[in-house]
Amino acid sequence: MIISSHITGQLHTMLEPHIQKGGVYVDATAGGGRDTLFLASHVGAAGKIYAFDIQGEALVQTRARLLTHEVTASVDLILDSHAKLDAYVKAPIDGMMFNLGYLPGGDPTVVTRGESTCEALDKALALLKKGGFISLLCYTGHPGGMDEYRAVSAYASRLDRHMAQVVEMRWSNSPQSPPVLILIEKSISYPM
Ligand SMILES: C[S@@+](CC[C@H](N)C(=O)[O-])C[C@H]1O[C@@H](n2cnc3c(N)ncnc32)[C@H](O)[C@@H]1O
C-alpha cells in the first residue's frame, strides 16, 4: 500500500527510513506524544529529542506515552512555544516535525498559528543540517486552520530551491477540508 488514510501513520512510514540513529530531532507540537514517541523510538540511546508544547496537559500526555514504551533516547519536554526554538536548541538538528492544529480532546481554541509557526520555521531552517527534513501536517477544517496552512504554504513556496526541496501532499478526496502534508528537505549541496 502506498497511501494510507491514516495521515500520521503515512507520515511516519515515509520518514522512518530517514531517522538517523544518534540523531537530534524536534517535535514542534508534542500534543498526545505520538510523534515524540515515533522519533524517540528510532534514534536509539545516543539520540536526542526536544518536544515543545504550550500546554502542560500535552506534555503530561507525552510523558505518559513515553513511559509505556522502552525509550532509551534522551527526551527534553519543553513547556514553551516552538517559536522560541533557538532558546532551547543550540546544536544542529536532523529533522523537525510539526503537527498543527489543536490537542485532540483538549481545548479546541488553543491552536497553532501561522505567525508563530513561520517564526519557528525560520529558526528550524537555520539549525537544520544538510539533508535534514521539516514536516508540517496542516489541518484546514478548524477556525484559523486554512489561514495557517496558506501562510505556511506561501512561506515554504518562497524558499530558495537551491537551499531546499519543498513538496505538498493533499488528501484530496477527504470528505471535508483535506489535510495537507508539507515536506521540506534541505539540499545536501547547500552551504550551511
Ligand atoms: C495536533 S496537536 C499535536 C499532535 C501530536 N504531535 C501527537 O503526535 O499527538 C497540536 C499541538 O500543538 C500545540 N501548540 C499550539 N501552539 C503551539 C506553539 N506555539 N508551540 C508549541 N506547541 C503549540 C497545542 O497545544 C497542541 O497540543
# chains A, B, ... in the order shown; residues from 1 in each chain; ligands from 1
$ closest_atom_pairs --of "chain A" --to "ligand 1" --cutoff "9 Å" --atoms "only C-alpha atoms and all ligand atoms" --output "CSV"
residue,atom,partner,partner_atom_place_in_ligand_line,distance
A:Thr8,CA,ligand 1,8 (O),7.7
A:Asp27,CA,ligand 1,6 (N),7.0
A:Ala28,CA,ligand 1,21 (C),5.7
A:Thr29,CA,ligand 1,12 (O),4.2
A:Ala30,CA,ligand 1,6 (N),4.6
A:Gly31,CA,ligand 1,27 (O),3.4
A:Gly32,CA,ligand 1,9 (O),3.4
A:Gly33,CA,ligand 1,9 (O),4.5
A:Arg34,CA,ligand 1,8 (O),3.4
A:Asp35,CA,ligand 1,8 (O),4.1
A:Thr36,CA,ligand 1,8 (O),6.5
A:Leu37,CA,ligand 1,8 (O),7.9
A:Phe38,CA,ligand 1,8 (O),8.4
A:Ala51,CA,ligand 1,21 (C),8.5
A:Phe52,CA,ligand 1,21 (C),5.0
A:Asp53,CA,ligand 1,22 (N),3.5
A:Ile54,CA,ligand 1,22 (N),4.8
A:Gln55,CA,ligand 1,25 (O),4.9
A:Gly56,CA,ligand 1,25 (O),8.3
A:Glu57,CA,ligand 1,27 (O),8.0
A:Ala58,CA,ligand 1,27 (O),5.2
A:Leu59,CA,ligand 1,27 (O),8.2
A:Gln61,CA,ligand 1,9 (O),8.7
A:Thr62,CA,ligand 1,9 (O),7.8
A:Ile78,CA,ligand 1,21 (C),8.8
A:Leu79,CA,ligand 1,21 (C),7.9
A:Asp80,CA,ligand 1,20 (N),6.1
A:Ser81,CA,ligand 1,20 (N),3.3
A:His82,CA,ligand 1,20 (N),4.1
A:Ala83,CA,ligand 1,19 (N),6.1
A:Lys84,CA,ligand 1,20 (N),8.3
A:Met97,CA,ligand 1,6 (N),7.8
A:Phe98,CA,ligand 1,6 (N),6.8
A:Asn99,CA,ligand 1,6 (N),4.8
A:Leu100,CA,ligand 1,1 (C),4.9
A:Gly101,CA,ligand 1,1 (C),4.6
A:Tyr102,CA,ligand 1,10 (C),4.3
A:Leu103,CA,ligand 1,27 (O),3.9
A:Pro104,CA,ligand 1,2 (S),6.4
A:Gly106,CA,ligand 1,27 (O),7.8
A:Asp107,CA,ligand 1,25 (O),8.4
A:Pro108,CA,ligand 1,24 (C),8.9
A:Val110,CA,ligand 1,25 (O),6.0
A:Val111,CA,ligand 1,15 (C),4.5
A:Thr112,CA,ligand 1,16 (N),3.7
A:Arg113,CA,ligand 1,16 (N),6.6
A:Ser116,CA,ligand 1,19 (N),5.8
A:Thr117,CA,ligand 1,19 (N),6.7
A:Ala120,CA,ligand 1,19 (N),8.4
A:Leu137,CA,ligand 1,1 (C),8.5
A:Cys138,CA,ligand 1,1 (C),8.9
A:Tyr139,CA,ligand 1,1 (C),8.4
$ residues_around --residues "Pro191 in chain A" --least-positions-apart "5" --cutoff "10 Å" --atoms "only C-alpha atoms" --output "PyMOL selection string"
chain A and resi 129-130+162-163
$ select_by_dssp --residues "range 53-164 of chain A" --states "strand (DSSP E)" --output "list in words"
Asp53, Ser74, Val75, Asp76, Leu77, Ile78, Leu79, Ile93, Asp94, Gly95, Met96, Met97, Phe98, Asn99, Leu128, Lys129, Lys130, Gly131, Gly132, Phe133, Ile134, Ser135, Leu136, Leu137, Cys138 and Ala164 of chain A
$ residues_around --residues "Val152 in chain A" --least-positions-apart "6" --cutoff "9 Å" --atoms "only C-alpha atoms" --output "list of chain:residue names"
A:Gly114, A:Glu115, A:Thr117, A:Cys118, A:Leu121, A:Leu136, A:Cys138, A:Ile182
$ closest_residue --among "A:Arg170, A:Lys90, A:His69, A:His18" --to "Ser4 in chain A" --atoms "only C-alpha atoms"
A:Arg170
$ residues_around --residues "Leu11 in chain A" --least-positions-apart "4" --cutoff "9 Å" --atoms "only C-alpha atoms" --output "PDB file with N, CA, C and O atoms, in the first residue's frame"
ATOM      1  N   HIS A   6      -4.676   7.018   7.158  1.00  0.00           N
ATOM      2  CA  HIS A   6      -4.210   7.434   8.490  1.00  0.00           C
ATOM      3  C   HIS A   6      -3.016   8.363   8.277  1.00  0.00           C
ATOM      4  O   HIS A   6      -1.905   7.926   7.939  1.00  0.00           O
ATOM      5  N   ILE A   7      -3.277   9.648   8.443  1.00  0.00           N
ATOM      6  CA  ILE A   7      -2.315  10.651   7.999  1.00  0.00           C
ATOM      7  C   ILE A   7      -1.004  10.596   8.780  1.00  0.00           C
ATOM      8  O   ILE A   7       0.088  10.635   8.202  1.00  0.00           O
ATOM      9  N   LEU A  15       8.849   8.839   6.793  1.00  0.00           N
ATOM     10  CA  LEU A  15      10.040   9.389   7.458  1.00  0.00           C
ATOM     11  C   LEU A  15      10.947   8.324   8.067  1.00  0.00           C
ATOM     12  O   LEU A  15      12.173   8.519   8.167  1.00  0.00           O
ATOM     13  N   GLU A  16      10.347   7.201   8.466  1.00  0.00           N
ATOM     14  CA  GLU A  16      11.094   6.197   9.251  1.00  0.00           C
ATOM     15  C   GLU A  16      12.477   5.848   8.670  1.00  0.00           C
ATOM     16  O   GLU A  16      13.467   5.836   9.413  1.00  0.00           O
ATOM     17  N   SER A 135       8.776  18.486   8.518  1.00  0.00           N
ATOM     18  CA  SER A 135       7.451  18.069   8.045  1.00  0.00           C
ATOM     19  C   SER A 135       6.397  18.907   8.754  1.00  0.00           C
ATOM     20  O   SER A 135       6.544  19.234   9.935  1.00  0.00           O
ATOM     21  N   LEU A 137       2.199  18.836   9.121  1.00  0.00           N
ATOM     22  CA  LEU A 137       0.854  18.339   8.830  1.00  0.00           C
ATOM     23  C   LEU A 137      -0.106  19.479   9.124  1.00  0.00           C
ATOM     24  O   LEU A 137      -0.182  19.961  10.267  1.00  0.00           O
ATOM     25  N   LEU A 181       0.092  17.686   3.816  1.00  0.00           N
ATOM     26  CA  LEU A 181       1.444  17.482   4.346  1.00  0.00           C
ATOM     27  C   LEU A 181       2.407  18.326   3.518  1.00  0.00           C
ATOM     28  O   LEU A 181       2.418  18.233   2.289  1.00  0.00           O
TER      29      LEU A 181
END
$ atom_distance --atom1 "CA of Ser5 in chain A" --atom2 "CA of Trp171 in chain A"
7.9 Å
$ atom_distance --atom1 "CA of Ala124 in chain A" --atom2 "CA of Ala40 in chain A"
18.7 Å
$ select_by_dssp --residues "range 117-171 of chain A" --states "helix (DSSP H, G or I)" --output "ChimeraX atom specification"
/A:117-127,145-157
$ atom_distance --atom1 "CA of Leu77 in chain A" --atom2 "CA of Gly95 in chain A"
16.5 Å
$ decode --residues "range 11-43 of chain A" --atoms "N, CA and C atoms" --output "PDB file, in the first residue's frame"
ATOM      1  N   LEU A  11       2.776   9.569   7.358  1.00  0.00           N
ATOM      2  CA  LEU A  11       3.978  10.385   7.537  1.00  0.00           C
ATOM      3  C   LEU A  11       5.086   9.575   8.201  1.00  0.00           C
ATOM      4  N   HIS A  12       4.732   8.811   9.242  1.00  0.00           N
ATOM      5  CA  HIS A  12       5.753   8.021   9.941  1.00  0.00           C
ATOM      6  C   HIS A  12       6.391   7.003   8.985  1.00  0.00           C
ATOM      7  N   THR A  13       5.563   6.379   8.136  1.00  0.00           N
ATOM      8  CA  THR A  13       6.099   5.402   7.174  1.00  0.00           C
ATOM      9  C   THR A  13       7.082   6.077   6.216  1.00  0.00           C
ATOM     10  N   MET A  14       6.747   7.285   5.801  1.00  0.00           N
ATOM     11  CA  MET A  14       7.636   7.991   4.873  1.00  0.00           C
ATOM     12  C   MET A  14       8.952   8.412   5.547  1.00  0.00           C
ATOM     13  N   LEU A  15       8.849   8.839   6.793  1.00  0.00           N
ATOM     14  CA  LEU A  15      10.040   9.389   7.458  1.00  0.00           C
ATOM     15  C   LEU A  15      10.947   8.324   8.067  1.00  0.00           C
ATOM     16  N   GLU A  16      10.347   7.201   8.466  1.00  0.00           N
ATOM     17  CA  GLU A  16      11.094   6.197   9.251  1.00  0.00           C
ATOM     18  C   GLU A  16      12.477   5.848   8.670  1.00  0.00           C
ATOM     19  N   PRO A  17      12.596   5.583   7.362  1.00  0.00           N
ATOM     20  CA  PRO A  17      13.919   5.202   6.851  1.00  0.00           C
ATOM     21  C   PRO A  17      14.957   6.322   6.950  1.00  0.00           C
ATOM     22  N   HIS A  18      14.488   7.537   7.233  1.00  0.00           N
ATOM     23  CA  HIS A  18      15.405   8.681   7.221  1.00  0.00           C
ATOM     24  C   HIS A  18      15.769   9.170   8.619  1.00  0.00           C
ATOM     25  N   ILE A  19      15.238   8.507   9.645  1.00  0.00           N
ATOM     26  CA  ILE A  19      15.593   8.910  11.017  1.00  0.00           C
ATOM     27  C   ILE A  19      16.943   8.277  11.362  1.00  0.00           C
ATOM     28  N   GLN A  20      17.901   9.128  11.732  1.00  0.00           N
ATOM     29  CA  GLN A  20      19.275   8.655  11.973  1.00  0.00           C
ATOM     30  C   GLN A  20      19.427   8.185  13.411  1.00  0.00           C
ATOM     31  N   LYS A  21      20.101   7.043  13.594  1.00  0.00           N
ATOM     32  CA  LYS A  21      20.487   6.628  14.953  1.00  0.00           C
ATOM     33  C   LYS A  21      21.435   7.695  15.520  1.00  0.00           C
ATOM     34  N   GLY A  22      21.196   8.108  16.731  1.00  0.00           N
ATOM     35  CA  GLY A  22      22.043   9.128  17.337  1.00  0.00           C
ATOM     36  C   GLY A  22      21.707  10.536  16.864  1.00  0.00           C
ATOM     37  N   GLY A  23      20.626  10.675  16.113  1.00  0.00           N
ATOM     38  CA  GLY A  23      20.271  11.982  15.568  1.00  0.00           C
ATOM     39  C   GLY A  23      19.604  12.902  16.589  1.00  0.00           C
ATOM     40  N   VAL A  24      19.489  14.171  16.185  1.00  0.00           N
ATOM     41  CA  VAL A  24      18.830  15.191  17.012  1.00  0.00           C
ATOM     42  C   VAL A  24      17.579  15.659  16.268  1.00  0.00           C
ATOM     43  N   TYR A  25      16.409  15.510  16.921  1.00  0.00           N
ATOM     44  CA  TYR A  25      15.141  15.834  16.262  1.00  0.00           C
ATOM     45  C   TYR A  25      14.285  16.671  17.191  1.00  0.00           C
ATOM     46  N   VAL A  26      13.378  17.444  16.583  1.00  0.00           N
ATOM     47  CA  VAL A  26      12.467  18.286  17.353  1.00  0.00           C
ATOM     48  C   VAL A  26      11.032  17.943  16.983  1.00  0.00           C
ATOM     49  N   ASP A  27      10.215  17.704  18.004  1.00  0.00           N
ATOM     50  CA  ASP A  27       8.761  17.647  17.805  1.00  0.00           C
ATOM     51  C   ASP A  27       8.245  19.025  18.201  1.00  0.00           C
ATOM     52  N   ALA A  28       7.803  19.799  17.221  1.00  0.00           N
ATOM     53  CA  ALA A  28       7.399  21.192  17.472  1.00  0.00           C
ATOM     54  C   ALA A  28       6.077  21.284  18.222  1.00  0.00           C
ATOM     55  N   THR A  29       5.276  20.209  18.145  1.00  0.00           N
ATOM     56  CA  THR A  29       3.929  20.216  18.742  1.00  0.00           C
ATOM     57  C   THR A  29       3.682  18.849  19.397  1.00  0.00           C
ATOM     58  N   ALA A  30       4.119  18.696  20.625  1.00  0.00           N
ATOM     59  CA  ALA A  30       4.104  17.371  21.270  1.00  0.00           C
ATOM     60  C   ALA A  30       2.696  16.773  21.351  1.00  0.00           C
ATOM     61  N   GLY A  31       1.692  17.573  21.724  1.00  0.00           N
ATOM     62  CA  GLY A  31       0.303  17.098  21.789  1.00  0.00           C
ATOM     63  C   GLY A  31       0.186  15.807  22.591  1.00  0.00           C
ATOM     64  N   GLY A  32      -0.415  14.778  21.968  1.00  0.00           N
ATOM     65  CA  GLY A  32      -0.568  13.488  22.657  1.00  0.00           C
ATOM     66  C   GLY A  32       0.682  12.627  22.648  1.00  0.00           C
ATOM     67  N   GLY A  33       1.747  13.098  22.018  1.00  0.00           N
ATOM     68  CA  GLY A  33       3.043  12.433  22.127  1.00  0.00           C
ATOM     69  C   GLY A  33       3.346  11.380  21.061  1.00  0.00           C
ATOM     70  N   ARG A  34       2.485  11.231  20.061  1.00  0.00           N
ATOM     71  CA  ARG A  34       2.727  10.171  19.065  1.00  0.00           C
ATOM     72  C   ARG A  34       3.987  10.433  18.244  1.00  0.00           C
ATOM     73  N   ASP A  35       4.182  11.683  17.861  1.00  0.00           N
ATOM     74  CA  ASP A  35       5.368  11.995  17.045  1.00  0.00           C
ATOM     75  C   ASP A  35       6.634  11.973  17.912  1.00  0.00           C
ATOM     76  N   THR A  36       6.526  12.430  19.151  1.00  0.00           N
ATOM     77  CA  THR A  36       7.687  12.367  20.049  1.00  0.00           C
ATOM     78  C   THR A  36       8.106  10.918  20.232  1.00  0.00           C
ATOM     79  N   LEU A  37       7.126  10.035  20.468  1.00  0.00           N
ATOM     80  CA  LEU A  37       7.433   8.617  20.653  1.00  0.00           C
ATOM     81  C   LEU A  37       8.030   8.025  19.380  1.00  0.00           C
ATOM     82  N   PHE A  38       7.466   8.371  18.243  1.00  0.00           N
ATOM     83  CA  PHE A  38       7.988   7.885  16.958  1.00  0.00           C
ATOM     84  C   PHE A  38       9.466   8.262  16.813  1.00  0.00           C
ATOM     85  N   LEU A  39       9.777   9.529  17.054  1.00  0.00           N
ATOM     86  CA  LEU A  39      11.159   9.978  16.899  1.00  0.00           C
ATOM     87  C   LEU A  39      12.064   9.299  17.930  1.00  0.00           C
ATOM     88  N   ALA A  40      11.606   9.286  19.176  1.00  0.00           N
ATOM     89  CA  ALA A  40      12.432   8.727  20.261  1.00  0.00           C
ATOM     90  C   ALA A  40      12.680   7.233  20.056  1.00  0.00           C
ATOM     91  N   SER A  41      11.739   6.539  19.437  1.00  0.00           N
ATOM     92  CA  SER A  41      11.880   5.093  19.238  1.00  0.00           C
ATOM     93  C   SER A  41      12.890   4.756  18.156  1.00  0.00           C
ATOM     94  N   HIS A  42      13.238   5.734  17.344  1.00  0.00           N
ATOM     95  CA  HIS A  42      14.108   5.420  16.203  1.00  0.00           C
ATOM     96  C   HIS A  42      15.519   5.995  16.303  1.00  0.00           C
ATOM     97  N   VAL A  43      15.782   6.833  17.291  1.00  0.00           N
ATOM     98  CA  VAL A  43      17.128   7.437  17.356  1.00  0.00           C
ATOM     99  C   VAL A  43      18.091   6.654  18.236  1.00  0.00           C
TER     100      VAL A  43
END
